[in-house]
Amino acid sequence: MSKTNLAVLGTQWGDEGKGKIVDMLTPRFSAVARYQGGHNAGHTVYVKGRKFVLHLVPSGILHPGVTCIIGNGVVVDPKALFTEIDELAGMGIAVDGRLLISEKAHAILPYHRELDMLSEARRGERKIGTTSRGIGPAYEDKIARRGIRIGDLLGDRATLEQAVRDNVDARNRVIEDSTLAWREVFDQLIADGERMRPWVGDVSLFLAQAIQAGKGVLFEGAQATLLDIDHGTYPFVTSSNASVGGVCTGLGVAPRAIEGVLGVAKAYTTRVGEGPLPTELSGPLAERLRESGNEYGASTGRPRRCGWFDAVVVRYSARINGLDALALTKLDVLDGLPEVRICTGYRTSGGDLSEFPASVRTLMDAEPIYETLPGWSTPTQGATRMEQLPPEARRYIERLEEVSGVPCVMVSTGSERDETIVRWDSAVAGRLLGDA
Ligand code: IMP
């Protein structure tokens, strides 16, 4: 078992394949803890040909004996949670005794989804392209200090009643053409709380004790650095801190508890929703990546926008998160391309940039500066050792490491768990992941 507490997070715009990486590493840890986001995330995991899509419950749930934690930084839609738990039960996976939800996590209320869609409709052409799961409105209520926390569903009923009345009043002021009765929401929340009661507890304390006892904890990011509310391409972002800072605030753990940070990067780039994507491709090449990579949203089914690997983005993620290493995913999707490109800088009206611009405006006008490398025709799919890769694929990885400034310790070459290369020969792999 790993003695290192490791954060695993996305370095691009999400959908890097974190689910598979977390799932593979989980047996090395005693607990997997989600620190932000909600059921906007979609982690697809394939185990022996069976497909699991997890949204809210950490993918560690597929491994018996691992505690799965939903931190205070997460927003929880009780209905979505129950659906997922019921589906897991249908597949023979019981969560009881293995799921811990922070009493400080905020609830997504039944009408947050409605508010999300309304806000998008009002923005019109300037829409964010959200997942319409009510994530943004739930975080809005949290920051406005009127949010309802999971612990509130289990506490004093009069206090909850007042909070629900205030929230429903606020909602009815925004959605003028229909009036929602507070009682309906209140009764639902009480029932939801009762079902959740056995799973609710003090996440910060649990983690402090686990860490103190030297049991490794994996901190699981959702979405990704470029969707971070502060460091992403604002306003085209999600409403939480997906980057490493979110681990401390979203779980109540100290910074020194994070002993390693593994960034997950796709061998190319994708984005779902609106906002800048400098290396975006169109036409047959974009189509080719989308089809080979099955680039359709796990939560919404939306086609993902596809582009070349952007090393400026990953270098920026390395800076924001202090990445120790990269896990490169979906290398096999590039198999058969005559050439592959890496963006190493941006051309802008103000001159060439080698670092990610702080201004989204600048990014919107940025033209990628590419390096072109030869592609490979020998398939990489299923490779488990670097030596099995064609020399061009190895060169591509080497170049990504050079321009991103981060060593690559894992390479995913297919959707199954064992279709992965782990570079146990590197010192950083041993430090982050434990023994081979
Ligand atoms: P929201 O999180 O639903 O508010 O959506 C805000 C932005 O984040 C939109 O561009 C979404 O497409 C994007 N987003 C949210 N969750 C994910 C995810 O799990 N993968 C990729 N993009 C996501």
# chains A, B, ... in the order shown; residues from 1 in each chain; ligands from 1
>>> residues_around(residues="stretch 231-244 of chain A", least_positions_apart="6", cutoff="9 Å", atoms="only C-alpha atoms", output="short mmCIF file (atom, residue, chain, number, x, y, z; two decimals) with N, CA, C and O atoms, in the first residue's frame")
data_model
loop_
_atom_site.label_atom_id
_atom_site.label_comp_id
_atom_site.auth_asym_id
_atom_site.auth_seq_id
_atom_site.Cartn_x
_atom_site.Cartn_y
_atom_site.Cartn_z
N ALA A 7 -2.68 13.40 -4.81
CA ALA A 7 -3.79 14.04 -5.51
C ALA A 7 -3.70 13.65 -6.98
O ALA A 7 -2.62 13.68 -7.57
N VAL A 8 -4.82 13.25 -7.54
CA VAL A 8 -4.88 12.91 -8.97
C VAL A 8 -5.90 13.86 -9.60
O VAL A 8 -7.08 13.86 -9.21
N LEU A 9 -5.45 14.68 -10.52
CA LEU A 9 -6.37 15.69 -11.07
C LEU A 9 -6.11 15.94 -12.55
O LEU A 9 -5.06 15.58 -13.09
N GLY A 10 -7.07 16.59 -13.18
CA GLY A 10 -7.00 16.84 -14.62
C GLY A 10 -6.17 18.07 -14.93
O GLY A 10 -6.24 19.07 -14.22
N THR A 11 -5.39 17.99 -16.01
CA THR A 11 -4.50 19.10 -16.36
C THR A 11 -5.03 19.92 -17.53
O THR A 11 -4.43 20.92 -17.89
N TRP A 13 -9.03 20.32 -19.90
CA TRP A 13 -10.40 20.80 -19.69
C TRP A 13 -11.34 19.65 -19.26
O TRP A 13 -12.53 19.68 -19.55
N TYR A 35 -13.06 16.05 -3.77
CA TYR A 35 -13.01 17.32 -3.04
C TYR A 35 -13.82 18.45 -3.65
O TYR A 35 -13.95 19.50 -3.02
N GLN A 36 -14.34 18.29 -4.84
CA GLN A 36 -15.12 19.38 -5.45
C GLN A 36 -16.04 18.83 -6.54
O GLN A 36 -15.98 17.65 -6.88
N GLY A 37 -16.83 19.73 -7.12
CA GLY A 37 -17.72 19.34 -8.21
C GLY A 37 -18.93 18.58 -7.70
O GLY A 37 -19.20 18.54 -6.48
N GLY A 73 -16.40 20.13 -0.13
CA GLY A 73 -16.31 20.97 -1.33
C GLY A 73 -17.19 20.49 -2.47
O GLY A 73 -17.32 21.17 -3.50
N VAL A 74 -17.80 19.32 -2.28
CA VAL A 74 -18.65 18.74 -3.32
C VAL A 74 -20.09 19.24 -3.13
O VAL A 74 -20.49 19.52 -2.00
N LYS A 127 -23.58 31.83 -23.51
CA LYS A 127 -23.75 30.73 -22.54
C LYS A 127 -22.42 30.02 -22.25
O LYS A 127 -21.49 30.07 -23.05
N ILE A 128 -22.38 29.35 -21.09
CA ILE A 128 -21.17 28.64 -20.65
C ILE A 128 -21.13 27.24 -21.26
O ILE A 128 -20.08 26.67 -21.47
N GLY A 129 -22.34 26.70 -21.52
CA GLY A 129 -22.40 25.32 -21.97
C GLY A 129 -22.30 24.39 -20.77
O GLY A 129 -21.55 23.41 -20.79
N THR A 130 -23.04 24.69 -19.71
CA THR A 130 -22.95 23.87 -18.49
C THR A 130 -23.56 22.49 -18.72
O THR A 130 -24.20 22.25 -19.75
N ILE A 135 -25.22 22.68 -10.79
CA ILE A 135 -23.97 22.81 -10.03
C ILE A 135 -23.71 24.29 -9.67
O ILE A 135 -23.50 24.62 -8.49
N GLY A 136 -23.74 25.16 -10.69
CA GLY A 136 -23.45 26.58 -10.46
C GLY A 136 -24.40 27.19 -9.43
O GLY A 136 -23.95 27.79 -8.44
N PRO A 137 -25.72 27.06 -9.60
CA PRO A 137 -26.65 27.64 -8.63
C PRO A 137 -26.45 27.10 -7.20
O PRO A 137 -26.61 27.84 -6.23
N TYR A 139 -23.57 26.17 -5.86
CA TYR A 139 -22.39 26.89 -5.33
C TYR A 139 -22.72 28.37 -5.09
O TYR A 139 -22.19 28.97 -4.16
N GLU A 140 -23.58 28.94 -5.93
CA GLU A 140 -23.98 30.34 -5.71
C GLU A 140 -24.62 30.49 -4.33
O GLU A 140 -24.32 31.41 -3.58
N GLY A 221 -9.64 14.52 -8.12
CA GLY A 221 -10.19 15.73 -8.71
C GLY A 221 -11.26 15.39 -9.73
O GLY A 221 -11.23 14.33 -10.36
N ALA A 222 -12.21 16.30 -9.89
CA ALA A 222 -13.19 16.18 -10.98
C ALA A 222 -13.02 17.42 -11.86
O ALA A 222 -12.37 18.38 -11.45
N GLN A 223 -13.60 17.40 -13.05
CA GLN A 223 -13.34 18.44 -14.04
C GLN A 223 -11.81 18.60 -14.17
O GLN A 223 -11.13 17.59 -14.12
N ALA A 224 -11.29 19.82 -14.21
CA ALA A 224 -9.84 19.93 -14.42
C ALA A 224 -9.38 21.36 -14.21
O ALA A 224 -10.18 22.27 -14.06
N THR A 225 -8.06 21.52 -14.25
CA THR A 225 -7.44 22.82 -13.93
C THR A 225 -7.96 23.97 -14.79
O THR A 225 -8.18 25.07 -14.31
N GLY A 250 -11.68 21.67 0.22
CA GLY A 250 -12.81 20.78 -0.07
C GLY A 250 -12.85 19.52 0.77
O GLY A 250 -13.79 18.73 0.66
N ILE A 258 -0.77 16.66 1.39
CA ILE A 258 -0.70 16.29 -0.04
C ILE A 258 0.77 16.05 -0.37
O ILE A 258 1.54 16.99 -0.52
N VAL A 261 1.44 15.00 -6.40
CA VAL A 261 0.36 15.41 -7.30
C VAL A 261 0.61 14.79 -8.67
O VAL A 261 1.65 15.01 -9.30
N GLY A 273 -18.45 22.06 -23.98
CA GLY A 273 -18.95 23.36 -23.51
C GLY A 273 -18.23 24.47 -24.27
O GLY A 273 -17.38 24.22 -25.12
N GLU A 274 -18.59 25.70 -23.91
CA GLU A 274 -18.05 26.85 -24.65
C GLU A 274 -16.71 27.29 -24.08
O GLU A 274 -16.25 26.76 -23.09
N GLY A 275 -16.11 28.30 -24.72
CA GLY A 275 -14.86 28.86 -24.22
C GLY A 275 -13.68 28.55 -25.11
O GLY A 275 -13.77 27.68 -25.99
N PRO A 276 -12.57 29.27 -24.91
CA PRO A 276 -11.42 29.11 -25.82
C PRO A 276 -10.77 27.74 -25.77
O PRO A 276 -10.69 27.12 -24.71
N SER A 317 -0.71 24.06 -15.97
CA SER A 317 -1.26 23.16 -14.94
C SER A 317 -0.17 22.68 -13.99
O SER A 317 -0.41 22.51 -12.80
N ILE A 320 0.33 25.60 -11.56
CA ILE A 320 -0.77 25.81 -10.61
C ILE A 320 -0.84 24.68 -9.57
O ILE A 320 -1.14 24.92 -8.41
N ASN A 321 -0.57 23.46 -10.03
CA ASN A 321 -0.77 22.30 -9.16
C ASN A 321 0.51 21.74 -8.55
O ASN A 321 0.45 20.82 -7.74
N GLY A 322 1.66 22.21 -9.00
CA GLY A 322 2.92 21.61 -8.54
C GLY A 322 3.00 20.14 -8.93
O GLY A 322 3.32 19.28 -8.10
N ALA A 358 -2.88 35.07 -18.59
CA ALA A 358 -3.85 35.22 -17.50
C ALA A 358 -5.17 35.74 -18.05
O ALA A 358 -6.23 35.50 -17.46
N SER A 359 -5.12 36.43 -19.18
CA SER A 359 -6.34 37.01 -19.74
C SER A 359 -6.99 36.07 -20.77
O SER A 359 -6.36 35.63 -21.73
N VAL A 360 -8.27 35.80 -20.54
CA VAL A 360 -9.01 34.92 -21.47
C VAL A 360 -9.13 35.59 -22.83
O VAL A 360 -9.15 34.94 -23.87
N LEU A 363 -6.24 34.78 -24.79
CA LEU A 363 -6.30 33.38 -25.20
C LEU A 363 -7.23 33.19 -26.38
O LEU A 363 -6.98 32.38 -27.28
#
>>> select_by_dssp(residues="stretch 3-140 of chain A", states="alpha helix (DSSP H)", output="MDAnalysis selection string")
chainID A and resid 18:25 78:90 112:123 135:140
>>> write_last_selection(atoms="N, CA, C and O atoms", output="short mmCIF file (atom, residue, chain, number, x, y, z; two decimals), in the first residue's frame")
data_model
loop_
_atom_site.label_atom_id
_atom_site.label_comp_id
_atom_site.auth_asym_id
_atom_site.auth_seq_id
_atom_site.Cartn_x
_atom_site.Cartn_y
_atom_site.Cartn_z
N LYS A 18 -9.37 10.42 -16.01
CA LYS A 18 -8.95 10.31 -14.60
C LYS A 18 -9.56 9.07 -13.96
O LYS A 18 -8.93 8.44 -13.13
N GLY A 19 -10.79 8.74 -14.39
CA GLY A 19 -11.51 7.62 -13.78
C GLY A 19 -10.68 6.35 -13.85
O GLY A 19 -10.52 5.64 -12.86
N LYS A 20 -10.13 6.08 -15.02
CA LYS A 20 -9.35 4.85 -15.19
C LYS A 20 -8.08 4.89 -14.33
O LYS A 20 -7.73 3.90 -13.69
N ILE A 21 -7.42 6.03 -14.31
CA ILE A 21 -6.16 6.15 -13.54
C ILE A 21 -6.44 5.98 -12.05
O ILE A 21 -5.76 5.21 -11.35
N VAL A 22 -7.49 6.65 -11.58
CA VAL A 22 -7.85 6.54 -10.15
C VAL A 22 -8.21 5.09 -9.83
O VAL A 22 -7.76 4.52 -8.83
N ASP A 23 -8.99 4.51 -10.71
CA ASP A 23 -9.44 3.13 -10.51
C ASP A 23 -8.24 2.18 -10.41
O ASP A 23 -8.18 1.31 -9.55
N MET A 24 -7.26 2.38 -11.26
CA MET A 24 -6.07 1.53 -11.25
C MET A 24 -5.25 1.70 -9.98
O MET A 24 -4.68 0.74 -9.46
N LEU A 25 -5.16 2.94 -9.53
CA LEU A 25 -4.29 3.22 -8.37
C LEU A 25 -4.97 2.92 -7.04
O LEU A 25 -4.30 2.73 -6.02
N PRO A 78 -29.14 14.77 -3.92
CA PRO A 78 -29.52 13.50 -3.30
C PRO A 78 -30.11 12.51 -4.29
O PRO A 78 -29.78 11.32 -4.26
N LYS A 79 -30.93 13.03 -5.21
CA LYS A 79 -31.57 12.13 -6.17
C LYS A 79 -30.52 11.44 -7.05
O LYS A 79 -30.57 10.22 -7.27
N ALA A 80 -29.57 12.23 -7.52
CA ALA A 80 -28.51 11.66 -8.37
C ALA A 80 -27.67 10.67 -7.58
O ALA A 80 -27.28 9.61 -8.10
N LEU A 81 -27.43 10.98 -6.32
CA LEU A 81 -26.65 10.08 -5.47
C LEU A 81 -27.37 8.74 -5.31
O LEU A 81 -26.78 7.67 -5.47
N PHE A 82 -28.67 8.80 -5.02
CA PHE A 82 -29.42 7.56 -4.81
C PHE A 82 -29.48 6.72 -6.09
O PHE A 82 -29.37 5.51 -6.05
N THR A 83 -29.65 7.40 -7.21
CA THR A 83 -29.70 6.67 -8.49
C THR A 83 -28.40 5.90 -8.68
O THR A 83 -28.40 4.71 -9.04
N GLU A 84 -27.30 6.59 -8.40
CA GLU A 84 -26.00 5.95 -8.60
C GLU A 84 -25.79 4.78 -7.63
O GLU A 84 -25.30 3.72 -8.03
N ILE A 85 -26.20 4.99 -6.40
CA ILE A 85 -26.04 3.93 -5.39
C ILE A 85 -26.91 2.72 -5.75
O ILE A 85 -26.49 1.58 -5.63
N ASP A 86 -28.12 3.00 -6.23
CA ASP A 86 -29.01 1.90 -6.62
C ASP A 86 -28.43 1.14 -7.82
O ASP A 86 -28.50 -0.09 -7.89
N GLU A 87 -27.84 1.89 -8.75
CA GLU A 87 -27.24 1.23 -9.92
C GLU A 87 -26.06 0.36 -9.49
O GLU A 87 -25.89 -0.77 -9.97
N LEU A 88 -25.26 0.90 -8.58
CA LEU A 88 -24.12 0.12 -8.08
C LEU A 88 -24.63 -1.15 -7.39
O LEU A 88 -24.09 -2.23 -7.58
N ALA A 89 -25.70 -1.00 -6.60
CA ALA A 89 -26.26 -2.16 -5.89
C ALA A 89 -26.71 -3.21 -6.91
O ALA A 89 -26.49 -4.41 -6.73
N GLY A 90 -27.30 -2.73 -8.00
CA GLY A 90 -27.76 -3.64 -9.07
C GLY A 90 -26.61 -4.40 -9.70
O GLY A 90 -26.80 -5.48 -10.27
N HIS A 112 -32.41 23.74 -8.50
CA HIS A 112 -31.12 24.31 -8.95
C HIS A 112 -30.88 24.02 -10.43
O HIS A 112 -30.29 24.83 -11.15
N ARG A 113 -31.35 22.88 -10.86
CA ARG A 113 -31.20 22.51 -12.26
C ARG A 113 -31.97 23.48 -13.16
O ARG A 113 -31.47 23.93 -14.20
N GLU A 114 -33.17 23.80 -12.69
CA GLU A 114 -34.03 24.74 -13.41
C GLU A 114 -33.34 26.12 -13.51
O GLU A 114 -33.33 26.76 -14.56
N LEU A 115 -32.73 26.54 -12.39
CA LEU A 115 -32.04 27.84 -12.38
C LEU A 115 -30.83 27.82 -13.31
O LEU A 115 -30.52 28.82 -13.97
N ASP A 116 -30.15 26.70 -13.35
CA ASP A 116 -28.97 26.53 -14.22
C ASP A 116 -29.40 26.73 -15.68
O ASP A 116 -28.79 27.52 -16.43
N MET A 117 -30.48 26.09 -16.06
CA MET A 117 -30.94 26.17 -17.45
C MET A 117 -31.44 27.57 -17.79
O MET A 117 -31.20 28.09 -18.87
N LEU A 118 -32.09 28.17 -16.80
CA LEU A 118 -32.60 29.53 -17.01
C LEU A 118 -31.44 30.51 -17.20
O LEU A 118 -31.46 31.37 -18.09
N SER A 119 -30.43 30.35 -16.39
CA SER A 119 -29.27 31.25 -16.48
C SER A 119 -28.59 31.09 -17.84
O SER A 119 -28.19 32.08 -18.47
N GLU A 120 -28.49 29.87 -18.31
CA GLU A 120 -27.90 29.63 -19.63
C GLU A 120 -28.75 30.26 -20.73
O GLU A 120 -28.23 30.89 -21.66
N ALA A 121 -30.07 30.09 -20.61
CA ALA A 121 -30.97 30.64 -21.63
C ALA A 121 -30.85 32.17 -21.66
O ALA A 121 -30.82 32.78 -22.72
N ARG A 122 -30.72 32.77 -20.47
CA ARG A 122 -30.62 34.23 -20.40
C ARG A 122 -29.31 34.73 -21.00
O ARG A 122 -29.25 35.82 -21.54
N ARG A 123 -28.27 33.92 -20.90
CA ARG A 123 -26.98 34.32 -21.47
C ARG A 123 -26.99 34.24 -23.00
O ARG A 123 -26.18 34.88 -23.65
N ILE A 135 -25.22 22.68 -10.79
CA ILE A 135 -23.97 22.81 -10.03
C ILE A 135 -23.71 24.29 -9.67
O ILE A 135 -23.50 24.62 -8.49
N GLY A 136 -23.74 25.16 -10.69
CA GLY A 136 -23.45 26.58 -10.46
C GLY A 136 -24.40 27.19 -9.43
O GLY A 136 -23.95 27.79 -8.44
N PRO A 137 -25.72 27.06 -9.60
CA PRO A 137 -26.65 27.64 -8.63
C PRO A 137 -26.45 27.10 -7.20
O PRO A 137 -26.61 27.84 -6.23
N ALA A 138 -26.07 25.84 -7.06
CA ALA A 138 -25.84 25.31 -5.71
C ALA A 138 -24.63 25.99 -5.08
O ALA A 138 -24.65 26.37 -3.90
N TYR A 139 -23.57 26.17 -5.86
CA TYR A 139 -22.39 26.89 -5.33
C TYR A 139 -22.72 28.37 -5.09
O TYR A 139 -22.19 28.97 -4.16
N GLU A 140 -23.58 28.94 -5.93
CA GLU A 140 -23.98 30.34 -5.71
C GLU A 140 -24.62 30.49 -4.33
O GLU A 140 -24.32 31.41 -3.58
#
>>> closest_residue(among="A:Leu109, A:Val272, A:Val203, A:Ala257", to="ligand 1", atoms="only C-alpha atoms and all ligand atoms")
A:Val272
>>> select_by_dssp(residues="stretch 203-288 of chain A", states="strand (DSSP E or B)", output="count of residues only")
15
>>> residues_around(residues="A:Asp156", least_positions_apart="5", cutoff="12 Å", atoms="only C-alpha atoms", output="number ranges by chain")
A: 151, 161-163, 190, 193
>>> write_last_selection(atoms="N, CA, C and O atoms", output="short mmCIF file (atom, residue, chain, number, x, y, z; two decimals), in the first residue's frame")
data_model
loop_
_atom_site.label_atom_id
_atom_site.label_comp_id
_atom_site.auth_asym_id
_atom_site.auth_seq_id
_atom_site.Cartn_x
_atom_site.Cartn_y
_atom_site.Cartn_z
N GLY A 151 -25.63 18.06 6.51
CA GLY A 151 -25.85 17.96 7.96
C GLY A 151 -27.15 18.63 8.39
O GLY A 151 -27.79 18.19 9.36
N GLU A 161 -36.50 24.24 8.25
CA GLU A 161 -37.72 24.83 7.66
C GLU A 161 -37.47 26.29 7.26
O GLU A 161 -37.79 26.71 6.16
N GLN A 162 -36.83 27.03 8.18
CA GLN A 162 -36.55 28.44 7.89
C GLN A 162 -35.65 28.58 6.66
O GLN A 162 -35.89 29.41 5.78
N ALA A 163 -34.63 27.72 6.62
CA ALA A 163 -33.67 27.79 5.50
C ALA A 163 -34.37 27.46 4.18
O ALA A 163 -34.14 28.12 3.16
N ILE A 190 -36.11 16.13 4.01
CA ILE A 190 -36.14 15.30 5.24
C ILE A 190 -36.00 13.82 4.85
O ILE A 190 -35.21 13.07 5.44
N GLY A 193 -32.50 13.13 3.69
CA GLY A 193 -31.57 13.11 4.83
C GLY A 193 -31.63 11.77 5.55
O GLY A 193 -30.59 11.21 5.91
#
>>> closest_residue(among="A:Arg315, A:Arg417, A:Arg197, A:Lys330", to="A:Ser404", atoms="only C-alpha atoms")
A:Arg315
>>> residues_around(residues="A:Gln388", least_positions_apart="5", cutoff="10 Å", atoms="only C-alpha atoms", output="list in words")
Thr378, Pro379, Thr380, Gln381, Gly382, Ala383, Ala393, Arg394 and Ile421 of chain A
>>> write_last_selection(atoms="N, CA, C and O atoms", output="short mmCIF file (atom, residue, chain, number, x, y, z; two decimals), in the first residue's frame")
data_model
loop_
_atom_site.label_atom_id
_atom_site.label_comp_id
_atom_site.auth_asym_id
_atom_site.auth_seq_id
_atom_site.Cartn_x
_atom_site.Cartn_y
_atom_site.Cartn_z
N THR A 378 2.38 1.43 -36.29
CA THR A 378 2.29 0.24 -35.44
C THR A 378 1.36 0.58 -34.27
O THR A 378 1.55 1.60 -33.60
N PRO A 379 0.35 -0.25 -34.00
CA PRO A 379 -0.58 0.10 -32.92
C PRO A 379 0.09 0.11 -31.54
O PRO A 379 0.95 -0.73 -31.26
N THR A 380 -0.32 1.07 -30.73
CA THR A 380 0.17 1.11 -29.35
C THR A 380 -0.86 0.48 -28.42
O THR A 380 -0.60 0.27 -27.24
N GLN A 381 -2.03 0.22 -28.94
CA GLN A 381 -3.11 -0.24 -28.08
C GLN A 381 -2.73 -1.49 -27.31
O GLN A 381 -2.22 -2.45 -27.89
N GLY A 382 -2.94 -1.44 -26.01
CA GLY A 382 -2.69 -2.60 -25.16
C GLY A 382 -1.25 -2.70 -24.67
O GLY A 382 -0.93 -3.60 -23.90
N ALA A 383 -0.38 -1.80 -25.10
CA ALA A 383 1.03 -1.88 -24.66
C ALA A 383 1.12 -1.74 -23.14
O ALA A 383 0.39 -0.96 -22.53
N ALA A 393 6.25 6.93 -31.23
CA ALA A 393 5.35 7.18 -30.09
C ALA A 393 6.17 7.51 -28.85
O ALA A 393 5.82 8.38 -28.05
N ARG A 394 7.30 6.80 -28.72
CA ARG A 394 8.19 7.09 -27.57
C ARG A 394 8.75 8.50 -27.68
O ARG A 394 8.84 9.22 -26.69
N ILE A 421 0.88 1.45 -19.18
CA ILE A 421 2.32 1.33 -18.90
C ILE A 421 2.59 2.12 -17.62
O ILE A 421 2.17 3.27 -17.52
#
>>> residues_around(residues="A:Phe309", least_positions_apart="4", cutoff="6 Å", atoms="only C-alpha atoms", output="PyMOL selection string")
chain A and resi 268-269+342
>>> residues_around(residues="A:Pro357", least_positions_apart="5", cutoff="12 Å", atoms="only C-alpha atoms", output="PyMOL selection string")
chain A and resi 226+231-233+276+278+312-313+315-316+345-348+350-352+362-366
>>> residues_around(residues="A:Gly60", least_positions_apart="5", cutoff="8 Å", atoms="only C-alpha atoms", output="list in words")
Val22, Asp23, Thr26, Ala31, Val32, Val66, Thr67 and Cys68 of chain A
>>> closest_residue(among="A:Val53, A:Val406, A:Val411, A:Ala144", to="ligand 1", atoms="only C-alpha atoms and all ligand atoms")
A:Val53
>>> closest_residue(among="A:Gly134, A:Gly49, A:Gly283, A:Gly147", to="ligand 1", atoms="only C-alpha atoms and all ligand atoms")
A:Gly134
>>> closest_residue(among="A:Ala429, A:Ala33, A:Ala265, A:Val340", to="A:Val253", atoms="only C-alpha atoms")
A:Ala33
>>> atom_distance(atom1="atom CA of A:Ser412", atom2="atom CA of A:Leu328")
6.1 Å
>>> decode(residues="stretch 171-218 of chain A", atoms="C-alpha atoms", output="mmCIF file, in the first residue's frame")
data_model
loop_
_atom_site.group_PDB
_atom_site.id
_atom_site.type_symbol
_atom_site.label_atom_id
_atom_site.label_comp_id
_atom_site.auth_asym_id
_atom_site.auth_seq_id
_atom_site.Cartn_x
_atom_site.Cartn_y
_atom_site.Cartn_z
ATOM 1 C CA ARG A 171 -36.054 30.984 -6.101
ATOM 2 C CA ASN A 172 -39.592 32.275 -6.579
ATOM 3 C CA ARG A 173 -38.257 35.803 -7.007
ATOM 4 C CA VAL A 174 -36.017 34.615 -9.874
ATOM 5 C CA ILE A 175 -38.510 32.311 -11.592
ATOM 6 C CA GLU A 176 -41.516 34.558 -11.648
ATOM 7 C CA ASP A 177 -43.905 32.555 -13.789
ATOM 8 C CA SER A 178 -44.218 29.636 -11.381
ATOM 9 C CA THR A 179 -44.398 29.439 -7.613
ATOM 10 C CA LEU A 180 -42.865 26.547 -5.766
ATOM 11 C CA ALA A 181 -44.233 25.521 -2.365
ATOM 12 C CA TRP A 182 -41.525 25.313 0.317
ATOM 13 C CA ARG A 183 -43.246 22.373 2.039
ATOM 14 C CA GLU A 184 -42.696 20.062 -0.907
ATOM 15 C CA VAL A 185 -38.961 20.803 -0.896
ATOM 16 C CA PHE A 186 -38.767 20.480 2.888
ATOM 17 C CA ASP A 187 -40.460 17.065 2.966
ATOM 18 C CA GLN A 188 -38.226 15.805 0.206
ATOM 19 C CA LEU A 189 -35.092 16.978 1.991
ATOM 20 C CA ILE A 190 -36.142 15.302 5.235
ATOM 21 C CA ALA A 191 -36.704 12.023 3.396
ATOM 22 C CA ASP A 192 -33.374 12.395 1.565
ATOM 23 C CA GLY A 193 -31.571 13.112 4.828
ATOM 24 C CA GLU A 194 -32.974 9.969 6.430
ATOM 25 C CA ARG A 195 -31.682 7.824 3.594
ATOM 26 C CA MET A 196 -28.270 9.496 3.722
ATOM 27 C CA ARG A 197 -27.940 9.439 7.528
ATOM 28 C CA PRO A 198 -25.793 6.266 7.767
ATOM 29 C CA TRP A 199 -23.225 7.729 5.382
ATOM 30 C CA VAL A 200 -22.857 11.236 6.806
ATOM 31 C CA GLY A 201 -19.946 12.144 9.052
ATOM 32 C CA ASP A 202 -16.863 14.239 9.770
ATOM 33 C CA VAL A 203 -14.655 13.868 6.717
ATOM 34 C CA SER A 204 -11.824 16.073 7.949
ATOM 35 C CA LEU A 205 -11.486 14.050 11.156
ATOM 36 C CA PHE A 206 -11.673 10.719 9.334
ATOM 37 C CA LEU A 207 -8.930 11.798 6.925
ATOM 38 C CA ALA A 208 -6.730 13.235 9.668
ATOM 39 C CA GLN A 209 -6.887 9.909 11.502
ATOM 40 C CA ALA A 210 -6.207 7.878 8.351
ATOM 41 C CA ILE A 211 -3.259 10.088 7.429
ATOM 42 C CA GLN A 212 -1.903 10.001 10.978
ATOM 43 C CA ALA A 213 -2.053 6.196 10.880
ATOM 44 C CA GLY A 214 -0.014 6.214 7.663
ATOM 45 C CA LYS A 215 -2.839 4.872 5.505
ATOM 46 C CA GLY A 216 -2.519 6.352 2.034
ATOM 47 C CA VAL A 217 -5.312 8.590 0.795
ATOM 48 C CA LEU A 218 -5.987 9.438 -2.838
#
